[in-house]
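Engineer: Contents of run.txt (compact mmCIF, C-alpha atoms):
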```
# COMPACT_ATOMS: atom_id res chain seq x y z
CA MET A 1 -12.18 144.37 37.95
CA PHE A 2 -11.36 145.69 41.43
CA GLN A 3 -14.40 147.99 41.27
CA VAL A 4 -16.68 145.15 40.24
CA VAL A 5 -15.56 142.96 43.13
CA GLU A 6 -16.08 145.85 45.58
CA CYS A 7 -19.77 144.93 45.83
CA LEU A 8 -18.83 141.75 47.70
CA ASP A 9 -17.18 143.63 50.60
CA LEU A 10 -14.22 141.26 50.77
CA GLU A 11 -11.01 141.53 52.75
CA GLN A 12 -8.04 142.76 50.72
CA ALA A 13 -6.42 139.33 50.35
CA GLU A 14 -9.68 137.69 49.34
CA ARG A 15 -10.42 140.51 46.90
CA LEU A 16 -7.07 139.99 45.18
CA LYS A 17 -7.82 136.27 44.95
CA TRP A 18 -11.16 136.97 43.26
CA VAL A 19 -9.59 139.39 40.77
CA ARG A 20 -6.87 136.88 39.92
CA ILE A 21 -9.43 134.13 39.29
CA LEU A 22 -11.81 136.32 37.29
CA THR A 23 -9.06 137.57 34.95
CA TRP A 24 -8.18 133.98 34.08
CA MET A 25 -10.52 134.05 31.08
CA LYS A 26 -9.42 137.37 29.58
CA PRO A 27 -9.25 136.82 25.78
CA GLU A 28 -5.56 137.64 25.48
CA LEU A 29 -4.68 135.24 28.30
CA VAL A 30 -6.82 132.46 26.84
CA GLU A 31 -5.14 132.92 23.46
CA ALA A 32 -1.67 132.81 25.02
CA ARG A 33 -2.49 129.58 26.87
CA GLU A 34 -3.85 127.93 23.75
CA LEU A 35 -0.68 128.80 21.82
CA ALA A 36 1.49 127.47 24.63
CA MET A 37 -0.51 124.25 24.82
CA ALA A 38 -0.25 123.70 21.07
CA SER A 39 3.53 124.00 21.09
CA ASP A 40 4.21 121.98 24.25
CA GLU A 41 4.57 118.22 23.87
CA ARG A 42 3.73 117.81 27.59
CA SER A 43 0.49 119.77 27.36
CA PHE A 44 -1.45 116.74 28.65
CA GLU A 45 0.32 117.19 31.99
CA ILE A 46 -0.85 120.74 32.53
CA LYS A 47 -4.31 120.39 30.99
CA PRO A 48 -5.89 119.18 34.29
CA PHE A 49 -4.52 122.28 36.02
CA TYR A 50 -6.05 124.52 33.39
CA GLU A 51 -9.38 122.70 33.66
CA SER A 52 -9.47 123.14 37.44
CA ARG A 53 -8.85 126.87 36.97
CA HIS A 54 -11.75 126.97 34.50
CA VAL A 55 -14.00 125.51 37.19
CA TRP A 56 -12.84 128.06 39.77
CA PHE A 57 -13.53 130.83 37.27
CA ALA A 58 -17.05 129.49 36.62
CA HIS A 59 -17.90 129.42 40.34
CA HIS A 60 -16.66 132.94 41.04
CA ALA A 61 -18.10 134.42 37.84
CA SER A 62 -21.51 132.81 38.54
CA ALA A 63 -21.64 134.33 42.01
CA LEU A 64 -20.71 137.77 40.71
CA LEU A 65 -23.19 137.53 37.84
CA LEU A 66 -26.08 136.86 40.22
CA ILE A 67 -25.19 139.91 42.26
CA LEU A 68 -24.78 142.20 39.24
CA CYS A 69 -28.13 141.32 37.61
CA PRO A 70 -30.87 143.28 39.45
CA ASN A 71 -33.83 142.00 37.41
CA ILE A 72 -33.59 138.27 38.11
CA VAL A 73 -37.04 136.94 39.03
CA SER A 74 -36.47 133.18 38.70
CA LEU A 75 -33.45 131.17 39.84
CA VAL A 76 -32.59 127.52 39.18
CA TYR A 77 -29.85 126.65 41.66
CA GLU A 78 -27.80 123.46 41.77
CA ASP A 79 -26.29 122.65 45.14
CA SER A 80 -22.69 122.36 44.00
CA SER A 81 -20.79 125.60 44.64
CA ARG A 82 -19.57 126.77 48.04
CA ILE A 83 -18.48 130.09 46.47
CA VAL A 84 -21.92 130.91 45.05
CA ALA A 85 -23.66 129.75 48.23
CA ASP A 86 -21.51 131.98 50.42
CA VAL A 87 -22.27 135.09 48.36
CA LEU A 88 -26.00 134.36 48.20
CA ARG A 89 -26.16 133.70 51.94
CA ARG A 90 -24.42 136.95 52.83
CA ASN A 91 -26.73 138.84 50.51
CA ASN A 92 -29.80 137.14 51.98
CA TYR A 93 -28.84 138.21 55.50
CA GLY A 94 -28.04 141.79 54.46
CA LEU A 95 -24.28 141.52 54.97
CA LEU A 96 -23.25 143.09 51.64
CA PRO A 97 -22.88 146.87 51.17
CA GLU A 98 -25.99 146.95 48.94
CA LYS A 99 -29.07 144.78 48.58
CA HIS A 100 -29.24 142.43 45.60
CA LEU A 101 -31.77 140.03 44.05
CA GLN A 102 -34.59 142.20 45.33
CA LYS A 103 -36.92 141.09 42.51
CA LEU A 104 -36.34 137.34 42.89
CA ARG A 105 -39.68 135.50 43.16
CA SER A 106 -39.16 131.80 42.53
CA VAL A 107 -36.33 129.37 43.31
CA THR A 108 -35.89 125.83 42.02
CA LEU A 109 -33.33 123.78 43.92
CA LEU A 110 -31.46 121.02 42.10
CA PRO A 111 -29.49 118.35 43.98
CA THR A 112 -25.99 117.83 42.66
CA THR A 113 -25.77 115.40 39.77
CA ASP A 114 -22.05 114.63 39.83
CA MET A 115 -20.67 111.10 39.56
CA THR A 116 -20.09 110.71 43.31
CA PHE A 117 -23.41 111.77 44.84
CA GLY A 118 -25.75 112.22 41.91
CA ASP A 119 -27.09 108.79 40.95
CA GLU A 120 -30.60 109.69 39.77
CA ARG A 121 -31.96 106.22 40.50
CA TYR A 122 -31.91 107.21 44.18
CA TYR A 123 -33.07 110.14 46.27
CA ILE A 124 -30.12 112.53 46.13
CA ASN A 125 -29.08 114.23 49.36
CA LEU A 126 -30.08 117.89 49.49
CA ASP A 127 -29.99 119.92 52.70
CA ILE A 128 -33.16 121.84 51.96
CA LEU A 129 -33.29 123.84 55.20
CA SER A 130 -29.68 125.01 54.83
CA LEU A 131 -30.35 126.09 51.25
CA LEU A 132 -33.27 128.23 52.42
CA ARG A 133 -30.64 130.47 53.98
CA LEU A 134 -29.60 131.60 50.50
CA PHE A 135 -32.85 133.42 49.73
CA HIS A 136 -35.65 133.08 52.31
CA ARG A 137 -35.32 136.66 53.62
CA LEU A 138 -35.50 138.36 50.21
CA PRO A 139 -38.51 140.70 50.01
CA MET A 140 -40.20 139.35 46.87
CA VAL A 141 -39.45 135.63 47.07
CA GLU A 142 -42.68 133.61 46.87
CA SER A 143 -41.94 130.02 45.93
CA VAL A 144 -39.38 127.26 46.38
CA SER A 145 -39.41 123.94 44.57
CA VAL A 146 -37.32 120.75 44.73
CA ASP A 147 -37.74 117.28 43.22
CA GLY A 148 -35.92 113.96 43.49
CA ALA A 149 -34.10 114.83 46.69
CA GLY A 150 -33.95 113.62 50.26
CA GLN A 151 -31.91 113.42 53.41
CA ASN A 152 -28.97 111.12 54.00
CA ASP A 153 -27.79 110.35 57.53
CA ASN A 154 -24.19 110.35 56.27
CA PHE A 155 -24.49 114.13 55.86
CA ARG A 156 -24.97 116.58 58.72
CA ASN A 157 -28.10 118.24 57.41
CA LEU A 158 -30.05 120.98 59.14
CA ASP A 159 -33.20 119.56 60.77
CA LYS A 160 -34.82 122.61 62.34
CA PHE A 161 -35.47 126.23 61.40
CA PRO A 162 -36.96 129.23 63.24
CA PRO A 163 -40.61 129.69 62.17
CA ALA A 164 -42.53 132.60 60.62
CA ILE A 165 -39.66 134.57 59.09
CA SER A 166 -40.18 134.44 55.30
CA HIS A 167 -42.51 135.82 52.62
CA LEU A 168 -42.62 132.41 50.90
CA LYS A 169 -46.12 131.48 49.78
CA ARG A 170 -45.64 128.26 47.80
CA ILE A 171 -43.55 125.20 48.68
CA HIS A 172 -43.19 122.19 46.40
CA VAL A 173 -41.27 119.09 47.55
CA GLY A 174 -41.82 116.32 45.01
CA HIS A 175 -40.60 112.71 44.72
CA ALA A 176 -38.73 113.32 47.96
CA PHE A 177 -37.47 111.46 51.02
CA TYR A 178 -37.48 113.70 54.11
CA SER A 179 -38.46 113.11 57.72
CA ALA A 180 -41.56 114.74 59.15
CA SER A 181 -39.44 116.95 61.43
CA VAL A 182 -37.64 118.46 58.42
CA ILE A 183 -40.90 118.88 56.50
CA GLY A 184 -42.63 120.32 59.55
CA SER A 185 -39.89 122.93 59.99
CA LEU A 186 -40.10 123.79 56.29
CA ILE A 187 -43.87 124.32 56.45
CA ARG A 188 -43.49 126.74 59.37
CA VAL A 189 -40.81 128.98 57.76
CA PRO A 190 -43.31 131.21 55.86
CA ARG A 191 -45.40 133.74 57.69
CA ARG A 192 -48.39 132.91 55.46
CA LEU A 193 -48.10 129.75 53.36
CA GLU A 194 -50.70 129.45 50.59
CA GLU A 195 -49.76 126.30 48.65
CA PHE A 196 -47.98 123.17 49.82
CA THR A 197 -47.02 120.03 47.88
CA LEU A 198 -45.27 116.99 49.34
CA THR A 199 -44.94 113.73 47.42
CA THR A 200 -42.64 110.74 47.54
CA GLY A 201 -41.90 107.82 45.23
CA GLY A 202 -40.20 107.17 41.92
CA ARG A 203 -36.73 106.62 43.33
CA GLY A 204 -34.94 104.24 45.66
CA THR A 205 -32.98 104.56 48.87
CA ARG A 206 -29.38 103.37 48.86
CA ASP A 207 -29.79 101.16 51.91
CA GLY A 208 -33.41 100.17 51.37
CA SER A 209 -34.50 102.13 54.44
CA SER A 210 -37.76 104.01 54.88
CA LEU A 211 -38.81 107.07 56.82
CA MET A 212 -41.78 106.63 59.13
CA ARG A 213 -43.40 110.00 58.85
CA CYS A 214 -45.44 111.03 61.85
CA ALA A 215 -48.73 112.36 60.50
CA LYS A 216 -49.28 114.42 63.63
CA THR A 217 -46.03 116.35 63.12
CA ILE A 218 -47.05 117.37 59.60
CA GLY A 219 -50.61 118.08 60.72
CA LYS A 220 -49.56 120.42 63.54
CA ALA A 221 -47.22 122.29 61.21
CA LEU A 222 -49.98 122.78 58.63
CA LEU A 223 -52.33 123.91 61.38
CA GLU A 224 -50.03 126.90 61.96
CA GLN A 225 -50.87 128.00 58.40
CA LYS A 226 -54.59 127.25 58.51
CA SER A 227 -55.75 130.81 57.83
CA SER A 228 -53.74 131.18 54.60
CA LEU A 229 -53.43 127.71 53.03
CA ARG A 230 -55.43 127.42 49.82
CA LYS A 231 -53.99 124.25 48.24
CA ILE A 232 -52.56 121.12 49.87
CA ASP A 233 -51.25 118.11 47.93
CA ILE A 234 -49.66 115.37 50.06
CA ASP A 235 -48.83 111.87 48.83
CA VAL A 236 -46.78 110.09 51.51
CA ASP A 237 -49.06 107.23 52.57
CA GLU A 238 -46.21 104.81 51.86
CA TYR A 239 -44.45 105.99 55.00
CA ASN A 240 -47.33 107.14 57.18
CA THR A 241 -47.46 105.63 60.64
CA GLN A 242 -48.31 106.73 64.14
CA THR A 243 -45.01 106.86 65.97
CA GLY A 244 -44.37 107.57 69.62
CA ARG A 245 -47.66 106.00 70.65
CA LEU A 246 -46.80 102.50 71.77
CA GLY A 247 -50.02 102.14 73.69
CA GLY A 248 -49.64 105.60 75.23
CA GLY A 249 -50.23 109.23 74.28
CA GLY A 250 -49.37 110.54 70.83
CA GLY A 251 -45.98 112.17 70.45
CA ASP A 252 -44.28 114.51 67.99
CA GLU A 253 -41.33 113.41 65.90
CA ASP A 254 -39.09 116.21 67.14
CA GLU A 255 -39.79 116.06 70.88
CA ASN A 256 -36.59 114.15 71.74
CA GLU A 257 -34.23 115.88 69.28
CA GLU A 258 -31.20 117.73 70.56
CA ASP A 259 -30.56 121.38 69.78
CA ASP A 260 -27.56 120.81 67.54
CA ASN A 261 -26.75 122.52 64.24
CA ILE A 262 -27.50 125.91 65.82
CA ASP A 263 -25.02 128.40 64.36
CA GLU A 264 -24.73 132.14 63.71
CA TRP A 265 -27.26 132.02 60.84
CA PHE A 266 -29.75 130.17 63.01
CA ARG A 267 -29.37 132.82 65.71
CA LYS A 268 -29.99 135.62 63.20
CA ASP A 269 -33.26 133.98 62.16
CA GLU A 270 -34.23 133.19 65.71
CA ASP A 271 -33.96 136.90 66.56
CA ILE A 272 -36.86 137.76 64.22
CA SER A 273 -38.87 134.55 64.67
CA THR A 274 -42.17 134.18 66.49
CA GLY A 275 -43.56 131.05 68.06
CA PRO A 276 -41.85 128.00 69.56
CA LEU A 277 -39.01 126.33 67.68
CA ARG A 278 -40.18 122.74 68.11
CA ILE A 279 -43.45 121.38 66.79
CA SER A 280 -43.73 119.37 70.00
CA GLN A 281 -43.94 122.69 71.86
CA LEU A 282 -47.10 123.72 69.98
CA PRO A 283 -50.38 123.16 71.84
CA ASN A 284 -52.39 120.03 71.05
CA THR A 285 -55.72 121.53 70.00
CA ARG A 286 -57.11 118.35 68.44
CA GLU A 287 -56.64 114.60 68.37
CA TYR A 288 -54.60 113.11 65.54
CA ARG A 289 -53.94 109.41 66.10
CA SER A 290 -52.43 108.31 62.76
CA THR A 291 -54.13 111.05 60.71
CA ILE A 292 -53.14 114.55 59.65
CA GLY A 293 -55.93 115.85 61.89
CA SER A 294 -59.20 117.62 61.28
CA MET A 295 -59.04 120.51 58.82
CA HIS A 296 -62.50 121.89 59.53
CA ASP A 297 -61.07 125.31 60.46
CA PHE A 298 -58.74 125.71 57.45
CA GLU A 299 -60.86 128.62 56.34
CA SER A 300 -59.05 129.36 53.05
CA LEU A 301 -58.55 125.79 51.82
CA THR A 302 -60.13 125.17 48.40
CA HIS A 303 -58.06 122.27 46.99
CA LEU A 304 -57.03 119.12 48.86
CA SER A 305 -55.25 116.08 47.40
CA ILE A 306 -54.32 113.49 50.01
CA GLY A 307 -53.88 109.76 50.67
CA ILE A 308 -56.63 107.81 52.41
CA LYS A 309 -54.26 106.73 55.19
CA LEU A 310 -53.12 110.24 56.02
CA LEU A 311 -56.72 111.43 55.88
CA LEU A 312 -58.43 108.66 57.86
CA GLY A 313 -55.61 106.83 59.63
CA ASP A 314 -53.85 103.51 59.21
CA SER A 315 -51.32 101.49 61.15
CA VAL A 316 -50.26 102.30 64.69
CA LEU A 317 -46.72 101.29 65.61
CA GLY A 318 -46.85 98.87 68.56
CA LYS A 319 -50.60 98.25 68.40
CA GLU A 320 -51.48 94.59 68.03
CA ASP A 321 -54.43 94.93 65.66
CA GLY A 322 -52.40 97.52 63.70
CA ASP A 323 -55.34 99.72 62.70
CA GLU A 324 -57.24 102.53 64.35
CA ASP A 325 -60.16 104.68 63.33
CA ALA A 326 -59.83 108.41 62.77
CA PRO A 327 -60.79 110.59 65.75
CA PHE A 328 -63.39 112.38 63.58
CA ARG A 329 -65.92 111.88 60.81
CA ILE A 330 -64.57 112.96 57.43
CA ILE A 331 -67.62 115.08 56.65
CA GLU A 332 -66.97 117.10 59.82
CA ALA A 333 -63.19 117.33 59.27
CA LEU A 334 -63.25 119.06 55.87
CA PRO A 335 -63.68 122.85 55.60
CA LYS A 336 -66.78 124.38 54.03
CA SER A 337 -64.51 126.35 51.67
CA LEU A 338 -63.40 123.14 49.89
CA GLU A 339 -63.99 123.07 46.13
CA TYR A 340 -61.76 120.18 45.03
CA LEU A 341 -61.00 116.88 46.79
CA LEU A 342 -58.79 114.04 45.49
CA ILE A 343 -58.27 110.91 47.60
CA ARG A 344 -55.41 108.55 46.75
CA GLY A 345 -55.21 104.86 47.62
CA TYR A 346 -58.92 104.20 48.31
CA SER A 347 -60.54 101.06 46.95
CA ARG A 348 -64.07 100.14 48.03
CA GLY A 349 -64.43 96.85 49.89
CA ILE A 350 -60.89 96.67 51.26
CA ASN A 351 -61.42 98.54 54.54
CA GLY A 352 -64.86 98.73 56.09
CA ARG A 353 -64.25 101.84 58.15
CA TYR A 354 -62.98 103.68 55.07
CA ASP A 355 -66.16 102.66 53.22
CA SER A 356 -68.34 103.93 56.06
CA GLN A 357 -66.59 107.32 56.10
CA ILE A 358 -66.74 107.66 52.30
CA ASP A 359 -70.46 106.74 52.19
CA GLU A 360 -71.15 109.42 54.77
CA LEU A 361 -69.17 111.93 52.71
CA LEU A 362 -71.14 111.12 49.56
CA SER A 363 -74.52 111.33 51.27
CA GLN A 364 -73.88 114.61 53.12
CA LYS A 365 -71.47 116.56 50.91
CA ASP A 366 -74.14 118.61 49.16
CA ASP A 367 -75.36 120.02 52.47
CA ARG A 368 -72.10 120.13 54.44
CA LEU A 369 -69.70 121.06 51.61
CA PRO A 370 -71.75 123.28 49.28
CA LEU A 371 -68.73 124.51 47.27
CA LEU A 372 -67.32 121.04 46.53
CA THR A 373 -67.67 120.54 42.76
CA GLU A 374 -64.88 118.04 42.04
CA LEU A 375 -64.43 114.75 43.88
CA HIS A 376 -61.86 112.20 42.66
CA GLY A 377 -60.62 108.85 43.93
CA ILE A 378 -63.99 107.34 44.90
CA GLU A 379 -65.24 105.63 41.75
CA GLU A 380 -61.76 105.39 40.21
CA ILE A 381 -58.71 104.17 42.10
CA ILE A 382 -55.88 106.71 42.24
CA PRO A 383 -52.78 104.89 43.51
CA SER A 384 -50.46 106.37 46.10
CA ALA A 385 -46.83 106.97 45.20
CA LYS A 386 -44.25 104.32 46.05
CA SER A 387 -40.48 104.28 46.21
CA VAL A 388 -38.64 101.85 43.95
CA GLU A 389 -37.31 98.86 45.90
CA LYS A 390 -35.05 97.57 43.11
CA PRO A 391 -34.01 100.54 40.98
CA ASP A 392 -31.49 98.42 39.08
CA LYS A 393 -34.24 96.17 37.75
CA ASP A 394 -37.42 98.25 37.87
CA THR A 395 -36.13 101.08 35.70
CA ASP A 396 -39.63 101.65 34.26
CA LEU A 397 -40.82 102.72 37.73
CA LEU A 398 -38.14 105.38 38.15
CA TRP A 399 -39.19 109.01 38.03
CA LYS A 400 -37.16 111.18 35.70
CA MET A 401 -36.96 114.91 36.00
CA LYS A 402 -38.30 116.82 33.03
CA LYS A 403 -36.01 119.24 31.31
CA ILE A 404 -36.57 122.69 32.74
CA ASP A 405 -37.87 125.17 30.19
CA ASP A 406 -35.79 128.17 31.17
CA GLY A 407 -36.39 130.16 28.00
CA TRP A 408 -32.82 129.80 26.69
CA ILE A 409 -32.31 129.02 23.00
CA GLU A 410 -29.34 127.51 21.19
CA VAL A 411 -27.90 129.38 18.23
CA ASP A 412 -25.54 127.84 15.70
CA MET A 413 -22.69 130.18 14.95
```
How does the structure come out when it is put into structure tokens?

Structural biologist:
Amino acid sequence: MFQVVECLDLEQAERLKWVRILTWMKPELVEARELAMASDERSFEIKPFYESRHVWFAHHASALLLILCPNIVSLVYEDSSRIVADVLRRNNYGLLPEKHLQKLRSVTLLPTTDMTFGDERYYINLDILSLLRLFHRLPMVESVSVDGAGQNDNFRNLDKFPPAISHLKRIHVGHAFYSASVIGSLIRVPRRLEEFTLTTGGRGTRDGSSLMRCAKTIGKALLEQKSSLRKIDIDVDEYNTQTGRLGGGGGDEDENEEDDNIDEWFRKDEDISTGPLRISQLPNTREYRSTIGSMHDFESLTHLSIGIKLLLGDSVLGKEDGDEDAPFRIIEALPKSLEYLLIRGYSRGINGRYDSQIDELLSQKDDRLPLLTELHGIEEIIPSAKSVEKPDKDTDLLWKMKKIDDGWIEVDM
């Protein structure tokens, strides 16, 4: 057992602790405990102690198992073990004697589902940027996915991350509740992002609050990936607004944030990062207003699914008439490479300026967008996602996570 634990490069005292915990489930020791429990009338008093030791064993054994299996390509990780997280983080930053998980390609993050924090009627807190530190530097990692999660101000979550330091190509954040500054930082972590999904809805917030996502912040982050992005799917119209523009110039969501939460791991990433840390420090190369901005120069983009408000603008915080036209014509804002377009939340006759833009798209798409073969959301109404205001009553509106098909089978012995 000492030799097995050597791969973790632990101090002597910590190594002895690991060995002691890992030998807890040796068959002869398990048998001896079961015999002792059966013969002791007060076994109910010591059973909780045994159960807690079982949990400690599971955490330490799980961490060691991940390190000792070189062919893992897919990982489903629940945010519930400090022991496992510490080992994965040290491996990710190259602090173990040897490199591990070198073939890992995809990671699915699961928020904890325990009785205290895991009520699945609500967005469950998950510090997505902190969890990136467990795998984002691995050489083969390509995708990260999370559903049903969000940020909770009662937790001190990471809200910024050095950009352009990972090989990640695909990011999926579904049925989620994150601010634009967190999402913007996440988008900028890969060197070349190819696919990005961001949706909300299907769950409630504990205090009934909402996040006003600044479209410009998300738009500027995506612009950094314009040469590589092939697919974009964003459904957050429920929270889209134009913040920081109370009659004045447009602002970024992160421009007034303090540089807190910067620790040793942040510094390690910052050492290999390129580009400014804050989205507000990026140049303003186009006008946004309350839109995601023109995507005419997203040269690789073939598939776009987006809400009408994020695409063509909606309410402006502090503006009396509450509505403002997009700073572009839609037919000029879409790239010529586009093959598939889905628009959510559009219904003809509700908003005249939307109708005008859509009519122009329909009349000129054959000439201006020669590769566009699929167009959805014009004749049929595709609703935008919405959070559940009363999850106790509207249970039919709640989103439920599908069981992950991980390839395991159950065998009756």

Engineer: My list of candidates is A:Leu193, A:Leu198, A:Val182, A:Ile67. Which is closest to Gly148 of chain A when distances are computed with only C-alpha atoms?

Structural biologist: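 Using only C-alpha atoms, Gly148 of chain A sits closest to A:Leu198.
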
Engineer: Would you work out the distance separating atom CA of Met295 of chain A from atom CA of Glu332 of chain A, expressed in Å to one decimal?

Structural biologist: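 Atom-to-atom, atom CA of Met295 of chain A and atom CA of Glu332 of chain A are spaced 8.7 Å apart.
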
Engineer: Need the shell around Ala63 of chain A: protein/DNA/RNA residues with any atom at most 12 Å away, counting only C-alpha atoms. Skip same-chain ones fewer than 5 positions apart. Format as a PyMOL selection string?

Structural biologist: chain A and resi 5+7-8+18+22+56-58+68-69+77+81-91+100-101+134

Engineer: Taking (-40.1, 124.3, 56.9) in the file's coordinates as the center, which residues reach within 9 Å of it, counting all atoms listed in the file, put as a list in words?

Structural biologist: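 Counting all atoms listed in the file, I find these residues within 9 Å of (-40.1, 124.3, 56.9): Ile128, Leu129, Lys160, Phe161, Pro162, Pro163, Ile171, Ser181, Val182, Ile183, Gly184, Ser185, Leu186, Ile187, Arg188, Val189, Pro190 and Ala221 of chain A.
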
Engineer: Go through A:Met140, A:Leu95, A:Gln281, A:Glu6 one by one, measure the shortest atom-to-atom distance of each to Asn71 of chain A using only C-alpha atoms, and give the residue with the smallest value.

Structural biologist: A:Met140

Engineer: Quick one, how far is atom CA of Val4 of chain A from atom CA of Gly94 of chain A?

Structural biologist: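 These atoms are spaced 18.5 Å apart.
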
Engineer: Which one is closest to Ser62 of chain A: A:Arg286, A:Lys268, A:Glu78, A:Ser347? Count only C-alpha atoms.

Structural biologist: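 Of A:Arg286, A:Lys268, A:Glu78, A:Ser347, the one nearest Ser62 of chain A is A:Glu78, counting only C-alpha atoms.
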
Engineer: Enter the distance from atom CA of Ser300 of chain A to atom CA of Lys226 of chain A, in Å, rounded to one decimal.

Structural biologist: 7.4 Å

Engineer: Given all atoms listed in the file as the basis, pick out the residue of A:Asn240, A:Tyr340, A:Ser228, A:Trp265 nearest to Arg192 of chain A.

Structural biologist: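 For Arg192 of chain A, the nearest of the candidates is A:Ser228.
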
Engineer: Find the residue from A:Leu222, A:Val141, A:Thr373, A:Arg121 that sits nearest to Leu398 of chain A; use only C-alpha atoms when measuring.

Structural biologist: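 Between A:Leu222, A:Val141, A:Thr373, A:Arg121, the residue approaching Leu398 of chain A most closely is A:Arg121.
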
Engineer: Which residues are close to Leu310 of chain A, i.e. within 8 Å by all atoms listed in the file, leaving aside same-chain residues fewer than 3 positions away? Reply as a tab-separated table (two decimals) with C-alpha atoms, keeping the file's coordinate frame.

Structural biologist:
```
chain	number	residue	atom	x	y	z
A	215	ALA	CA	-48.73	112.36	60.50
A	236	VAL	CA	-46.78	110.09	51.51
A	237	ASP	CA	-49.06	107.23	52.57
A	240	ASN	CA	-47.33	107.14	57.18
A	290	SER	CA	-52.43	108.31	62.76
A	291	THR	CA	-54.13	111.05	60.71
A	292	ILE	CA	-53.14	114.55	59.65
A	306	ILE	CA	-54.32	113.49	50.01
A	307	GLY	CA	-53.88	109.76	50.67
A	313	GLY	CA	-55.61	106.83	59.63
A	314	ASP	CA	-53.85	103.51	59.21
```

Engineer: Padding 5 Å on each side, edges along x, y and z: where is the centre of the box around the listed atoms of segment 126-142 of chain A, and how long are its edges in Å to one decimal? Output it as lines of an AutoDock Vina configuration file.

Structural biologist:
```
center_x = -36.1
center_y = 129.3
center_z = 51.0
size_x = 23.1
size_y = 32.8
size_z = 18.3
```
